[in-house]
$ cat input_18.txt   # compact mmCIF, C-alpha atoms
# COMPACT_ATOMS: atom_id res chain seq x y z
CA PRO A 1 81.63 21.29 16.92
CA ALA A 2 80.90 19.55 13.64
CA GLY A 3 80.40 16.09 12.24
CA PRO A 4 82.42 14.51 9.41
CA GLY A 5 84.29 17.17 7.46
CA GLY A 6 84.21 19.63 10.36
CA ALA A 7 86.87 20.54 12.85
CA VAL A 8 85.67 18.56 15.87
CA PRO A 9 83.69 15.27 15.84
CA LEU A 10 80.51 15.63 17.88
CA GLY A 11 80.10 13.10 20.66
CA ALA A 12 77.47 12.78 23.37
CA SER A 13 79.37 15.06 25.78
CA THR A 14 81.25 17.30 23.32
CA LEU A 15 79.02 20.34 23.69
CA ALA A 16 78.86 20.16 27.47
CA ASP A 17 82.59 19.56 27.80
CA ALA A 18 83.38 22.48 25.47
CA ALA A 19 81.10 24.81 27.42
CA ARG A 20 82.68 23.83 30.74
CA GLY A 21 86.14 24.35 29.25
CA ILE A 22 85.29 27.82 27.93
CA GLU A 23 83.98 28.94 31.29
CA ALA A 24 86.86 27.37 33.22
CA ALA A 25 89.39 29.15 30.97
CA GLY A 26 87.93 32.48 32.07
CA PHE A 27 86.24 33.53 28.85
CA GLU A 28 83.23 35.79 29.24
CA SER A 29 81.17 34.47 26.33
CA ALA A 30 80.71 31.52 23.98
CA TRP A 31 79.13 31.75 20.52
CA THR A 32 77.60 29.35 18.01
CA PHE A 33 77.35 29.70 14.25
CA ASP A 34 74.59 28.78 11.84
CA SER A 35 74.79 26.87 8.58
CA LEU A 36 72.61 24.36 6.76
CA GLY A 37 73.29 22.04 3.85
CA ARG A 38 76.90 23.09 3.21
CA GLY A 39 78.38 19.61 3.20
CA SER A 40 78.94 19.19 6.92
CA LEU A 41 76.68 18.46 9.86
CA ARG A 42 76.83 21.04 12.62
CA ALA A 43 74.98 21.18 15.89
CA ASP A 44 71.81 23.26 15.92
CA PRO A 45 72.95 26.59 17.42
CA LEU A 46 70.11 27.07 19.89
CA MET A 47 70.15 23.45 21.04
CA ALA A 48 73.91 23.72 21.54
CA LEU A 49 73.47 26.84 23.67
CA ALA A 50 70.72 25.20 25.72
CA VAL A 51 73.12 22.33 26.50
CA ALA A 52 75.87 24.82 27.37
CA ALA A 53 73.49 26.73 29.64
CA THR A 54 72.81 23.67 31.79
CA VAL A 55 76.51 23.07 32.61
CA THR A 56 77.70 26.69 33.06
CA ARG A 57 76.79 29.46 35.47
CA THR A 58 78.41 32.74 34.39
CA VAL A 59 79.51 32.68 30.74
CA GLU A 60 77.33 34.58 28.27
CA LEU A 61 75.94 32.48 25.41
CA GLY A 62 75.24 33.86 21.94
CA THR A 63 74.50 33.12 18.32
CA GLY A 64 76.87 34.79 15.91
CA VAL A 65 74.64 34.86 13.92
CA LEU A 66 71.45 32.86 13.41
CA GLN A 67 69.79 33.17 10.00
CA VAL A 68 66.30 34.27 10.96
CA PRO A 69 64.66 34.09 7.48
CA LEU A 70 65.25 30.32 7.43
CA ARG A 71 62.94 29.79 10.42
CA ASN A 72 59.30 30.22 11.28
CA PRO A 73 59.20 33.29 13.56
CA VAL A 74 56.67 31.85 16.02
CA GLU A 75 58.63 28.66 16.51
CA LEU A 76 61.92 30.58 16.67
CA ALA A 77 60.51 32.98 19.26
CA GLN A 78 59.63 30.02 21.47
CA ARG A 79 63.10 28.47 21.12
CA ALA A 80 64.87 31.75 21.87
CA LEU A 81 62.81 32.27 25.03
CA THR A 82 63.63 28.72 26.12
CA VAL A 83 67.38 29.34 25.82
CA GLN A 84 67.02 32.64 27.66
CA GLN A 85 65.10 30.93 30.44
CA VAL A 86 67.40 27.92 30.96
CA SER A 87 70.49 30.15 30.81
CA GLY A 88 69.20 32.46 33.52
CA GLY A 89 69.23 35.48 31.20
CA ARG A 90 72.71 34.89 29.73
CA PHE A 91 71.55 34.46 26.12
CA ARG A 92 72.58 37.03 23.47
CA PHE A 93 70.52 36.56 20.30
CA GLY A 94 72.70 37.48 17.34
CA VAL A 95 70.58 37.46 14.19
CA GLY A 96 71.04 38.14 10.51
CA ALA A 97 69.48 37.81 7.08
CA GLY A 98 71.94 35.17 5.87
CA SER A 99 74.47 35.42 3.06
CA THR A 100 74.72 31.91 1.61
CA ALA A 101 72.20 31.09 -1.10
CA ALA A 102 72.76 27.34 -0.64
CA ASP A 103 71.25 27.48 2.85
CA PHE A 104 68.05 28.96 1.42
CA ALA A 105 67.96 26.53 -1.51
CA ALA A 106 68.25 23.60 0.91
CA LEU A 107 65.00 24.68 2.59
CA GLY A 108 63.21 26.03 -0.48
CA PHE A 109 63.23 29.68 0.64
CA ASP A 110 63.69 32.72 -1.58
CA PHE A 111 67.18 34.16 -1.07
CA GLU A 112 66.37 37.59 -2.50
CA SER A 113 63.60 38.33 0.00
CA ARG A 114 65.71 37.52 3.06
CA PHE A 115 66.05 41.11 4.34
CA ARG A 116 62.30 41.67 4.18
CA ARG A 117 61.71 38.38 6.00
CA LEU A 118 64.29 39.33 8.65
CA GLY A 119 62.49 42.57 9.45
CA GLU A 120 59.07 40.96 9.51
CA SER A 121 60.22 38.04 11.66
CA LEU A 122 61.95 40.28 14.22
CA SER A 123 58.78 42.34 14.57
CA ILE A 124 56.67 39.22 15.11
CA MET A 125 59.07 37.72 17.64
CA ARG A 126 59.33 40.87 19.72
CA ARG A 127 55.57 41.17 19.90
CA LEU A 128 55.26 37.51 20.94
CA TRP A 129 57.97 37.99 23.61
CA ALA A 130 55.92 40.88 24.99
CA GLY A 131 52.93 38.59 25.39
CA GLU A 132 50.95 39.84 22.40
CA THR A 133 48.92 37.73 20.01
CA VAL A 134 50.11 37.90 16.39
CA GLU A 135 47.75 36.61 13.71
CA GLY A 136 46.26 34.13 16.17
CA ALA A 137 49.62 32.95 17.56
CA SER A 138 50.54 33.60 21.18
CA LEU A 139 53.21 32.50 23.65
CA ALA A 140 51.39 34.07 26.61
CA PRO A 141 51.73 33.91 29.46
CA VAL A 142 55.43 34.48 28.86
CA TRP A 143 57.67 33.33 31.73
CA PRO A 144 58.20 36.43 33.91
CA GLU A 145 61.99 36.11 33.89
CA VAL A 146 62.16 36.41 30.09
CA LEU A 147 59.24 38.73 29.35
CA GLY A 148 60.34 40.95 26.48
CA GLY A 149 62.80 38.41 25.11
CA PRO A 150 66.59 38.20 24.98
CA PRO A 151 68.92 41.02 23.89
CA VAL A 152 68.97 41.11 20.08
CA LEU A 153 72.19 41.90 18.19
CA ILE A 154 71.90 42.62 14.46
CA GLY A 155 74.47 40.99 12.18
CA SER A 156 75.40 43.18 9.20
CA TRP A 157 78.63 43.50 7.18
CA ALA A 158 78.46 47.28 6.96
CA GLY A 159 74.96 48.09 5.76
CA SER A 160 74.02 51.57 6.92
CA LYS A 161 70.30 50.74 7.25
CA TRP A 162 70.79 47.77 9.56
CA ILE A 163 73.62 49.37 11.54
CA GLU A 164 71.32 52.30 12.28
CA ARG A 165 68.50 49.95 13.26
CA ALA A 166 70.88 47.94 15.46
CA ALA A 167 71.74 51.11 17.38
CA ARG A 168 68.28 52.65 17.58
CA GLU A 169 65.94 49.66 17.85
CA PHE A 170 67.97 46.71 19.13
CA ASP A 171 70.74 45.85 21.57
CA GLY A 172 73.85 45.79 19.41
CA TRP A 173 75.56 45.26 16.09
CA ILE A 174 77.66 42.27 15.02
CA GLY A 175 79.98 43.26 12.18
CA SER A 176 81.78 40.70 10.03
CA GLY A 177 85.30 40.94 8.70
CA ALA A 178 84.79 37.93 6.45
CA ARG A 179 83.03 39.53 3.49
CA SER A 180 83.62 43.14 4.27
CA SER A 181 86.73 45.30 4.61
CA TRP A 182 88.52 47.12 7.40
CA ARG A 183 87.49 50.42 5.81
CA ALA A 184 83.83 49.43 5.74
CA LEU A 185 84.03 48.25 9.35
CA ARG A 186 85.67 51.48 10.49
CA GLU A 187 83.01 53.53 8.72
CA GLY A 188 80.28 51.33 10.19
CA ILE A 189 81.73 51.71 13.69
CA ALA A 190 81.83 55.48 13.30
CA ASP A 191 78.19 55.52 12.17
CA PHE A 192 77.18 53.20 15.01
CA ARG A 193 78.89 55.25 17.70
CA ALA A 194 77.52 58.52 16.36
CA MET A 195 74.01 57.42 17.32
CA PRO A 196 72.55 57.88 20.81
CA THR A 197 72.62 54.28 21.98
CA HIS A 198 73.67 51.98 24.81
CA ALA A 199 74.00 49.06 22.41
CA ILE A 200 77.23 47.09 22.13
CA PHE A 201 79.44 46.42 19.14
CA LEU A 202 81.00 43.07 18.26
CA CYS A 203 83.25 42.13 15.37
CA ILE A 204 83.70 38.58 14.11
CA VAL A 205 86.82 37.97 12.03
CA TYR A 206 87.46 34.53 10.53
CA PRO A 207 88.48 31.90 9.31
CA VAL A 208 91.86 32.25 11.00
CA ILE A 209 90.24 33.42 14.21
CA ALA A 210 86.85 34.64 15.29
CA LEU A 211 87.38 37.79 17.27
CA VAL A 212 84.55 39.42 19.19
CA LEU A 213 85.18 42.91 20.50
CA ALA A 214 82.61 44.68 22.63
CA VAL A 215 82.49 47.85 24.64
CA ASP A 216 83.27 46.11 27.94
CA TYR A 217 84.84 42.75 27.11
CA LEU A 218 87.01 40.84 24.70
CA PHE A 219 86.23 37.32 23.52
CA ILE A 220 88.47 35.21 21.31
CA TYR A 221 87.68 31.90 19.66
CA TRP A 222 90.17 29.72 17.83
CA PRO A 223 88.84 26.97 15.53
CA GLU A 224 90.92 23.95 16.51
CA SER A 225 91.63 23.10 12.88
CA ARG A 226 93.56 26.38 12.47
CA VAL A 227 95.74 27.07 15.50
CA PRO A 228 96.37 25.45 18.90
CA PHE A 229 94.18 26.31 21.86
CA LEU A 230 95.46 29.29 23.82
CA ASP A 231 94.46 30.28 27.31
CA ARG A 232 93.19 33.79 27.98
CA HIS A 233 96.62 35.29 28.75
CA GLN A 234 98.18 33.70 25.67
CA SER A 235 95.24 34.88 23.59
CA LEU A 236 95.77 38.50 24.55
CA GLU A 237 99.50 38.20 23.87
CA PHE A 238 98.73 36.73 20.46
CA LEU A 239 96.42 39.65 19.66
CA ARG A 240 99.11 42.12 20.58
CA GLY A 241 101.49 40.27 18.29
CA VAL A 242 99.28 40.29 15.21
CA ASN A 243 98.23 43.90 15.94
CA LEU A 244 94.69 43.64 14.61
CA LEU A 245 93.50 47.07 13.54
CA LEU A 246 90.31 47.28 15.56
CA VAL A 247 91.71 46.25 18.92
CA ALA A 248 93.34 49.54 19.86
CA ASP A 249 90.42 51.51 18.47
CA LEU A 250 87.78 49.70 20.51
CA LEU A 251 89.83 49.51 23.69
CA GLU A 252 90.44 53.24 23.42
CA HIS A 253 86.70 53.76 23.07
CA ARG A 254 86.08 51.62 26.16
CA ALA A 255 88.64 53.62 28.16
CA GLY A 256 86.94 56.84 27.08
CA ARG A 257 83.54 55.56 28.20
CA ARG A 258 84.91 54.63 31.59
CA ALA A 259 86.58 58.02 31.99
CA ARG A 260 83.28 59.74 31.21
CA ARG A 261 81.51 57.55 33.79
CA ARG A 262 84.08 58.52 36.43
CA ARG A 263 83.63 62.22 35.65
CA ARG A 264 79.85 61.92 35.92
CA ALA A 265 80.20 60.07 39.22
CA ARG A 266 82.48 62.80 40.62
CA ARG A 267 80.07 65.53 39.53
CA SER A 268 77.16 63.66 41.08
CA SER A 269 79.07 63.17 44.33
CA ALA A 270 79.99 66.87 44.42
CA SER A 271 76.37 67.86 43.84
CA ARG A 272 75.18 65.68 46.73
CA ARG A 273 77.73 67.26 49.09
CA CYS A 274 76.51 70.71 48.08
$ encode --input "input_18.txt" --output "structure tokens"
Amino acid sequence: PAGPGGAVPLGASTLADAARGIEAAGFESAWTFDSLGRGSLRADPLMALAVAATVTRTVELGTGVLQVPLRNPVELAQRALTVQQVSGGRFRFGVGAGSTAADFAALGFDFESRFRRLGESLSIMRRLWAGETVEGASLAPVWPEVLGGPPVLIGSWAGSKWIERAAREFDGWIGSGARSSWRALREGIADFRAMPTHAIFLCIVYPVIALVLAVDYLFIYWPESRVPFLDRHQSLEFLRGVNLLLVADLLEHRAGRRARRRRRARRSSASRRC
């Protein structure tokens, strides 16, 4: 939801009502976006998710993505743990370096050093989430339910360095179709899957729609200014109609994973009988 100039005016109950509606419609996740100083007022992504967490029980809540270099890592680590705690572990922390110079100019930060700041900030936050003291700062004792922090998903268009890190060091990769290409996404997916990882893959495609595809679920978001709201069944029918390139690819991958799990389970059962 946004203020003047955005798609949806923000009222006192807008965020809570939207979260209830998403969960009631049967969606498995809800995501917020991050922008500053672009000519419209948008809800703070983590505050919005904290509100959503208090009125929902099952839907996963994520940032897609939050620009980490624009925040102080100690303060951000505290806010992320708070959302993870009040959501009962449903928070998915999508993070990125940022791609809009105006956001950095609005806060007086150097745009060119954003990737270095992203790496440094993630390291600091993970240490704080583990209960360590970093340069005199500490969040200990960390609440037991969130010790170690939320799952972290790395947002990257198709950068090989960050895709590899997303697979090896973090919990997933969020790829963008906005400033990339289908070819780059396909190559990135191939690189990501080639690595030994249990991380998930998501793809956000906008402005017409924001489409999130993961190994085990499908989430679709329609900005209200673009197309009418569709329920889950209508959403899937719409996807089949537009025949987005990655849908079949990722669903095929999911089916393959499930088939491999079934084969392993049969082998394990046979071994126990022997």
$ residues_around --input "input_18.txt" --residues "Leu147 in chain A" --least-positions-apart "3" --cutoff "7 Å" --atoms "all atoms listed in the file" --output "PyMOL selection string"
chain A and resi 129-130+142-144
$ atom_distance --input "input_18.txt" --atom1 "CA of Arg20 in chain A" --atom2 "CA of Ala52 in chain A"
7.7 Å
$ closest_residue --input "input_18.txt" --among "A:Arg127, A:Arg168, A:Arg90, A:Arg186" --to "Gly62 in chain A" --atoms "only C-alpha atoms"
A:Arg90
$ residues_near_point --input "input_18.txt" --point "(79.5, 18.3, 29.3)" --cutoff "12 Å" --atoms "all atoms listed in the file" --output "ChimeraX atom specification"
/A:10-23,48-56
$ closest_residue --input "input_18.txt" --among "A:Pro45, A:Lys161, A:Thr58, A:Val74" --to "Thr133 in chain A" --atoms "all atoms listed in the file"
A:Val74
$ closest_residue --input "input_18.txt" --among "A:Gln67, A:Gly94, A:Pro150, A:Ser113" --to "Ala80 in chain A" --atoms "only C-alpha atoms"
A:Pro150
$ atom_distance --input "input_18.txt" --atom1 "CA of Leu153 in chain A" --atom2 "CA of Gln78 in chain A"
17.6 Å
$ atom_distance --input "input_18.txt" --atom1 "CA of Leu41 in chain A" --atom2 "CA of Ala105 in chain A"
16.4 Å
$ closest_residue --input "input_18.txt" --among "A:Ala190, A:Leu70, A:Thr82, A:Ala265" --to "Leu46 in chain A" --atoms "only C-alpha atoms"
A:Thr82
$ closest_residue --input "input_18.txt" --among "A:Asn72, A:Thr32, A:Ser156, A:Gln85" --to "Trp173 in chain A" --atoms "all atoms listed in the file"
A:Ser156
$ closest_residue --input "input_18.txt" --among "A:Gly37, A:Ser87, A:Gly188, A:Gly26" --to "Gly108 in chain A" --atoms "all atoms listed in the file"
A:Gly37
$ residues_around --input "input_18.txt" --residues "Pro69 in chain A" --least-positions-apart "6" --cutoff "10 Å" --atoms "all atoms listed in the file" --output "list in words"
Val95, Gly96, Ala97, Gly98, Phe104, Phe109, Asp110, Phe111, Ser113, Arg114, Phe115, Arg116, Arg117, Leu118, Gly119, Glu120, Ser121 and Leu122 of chain A
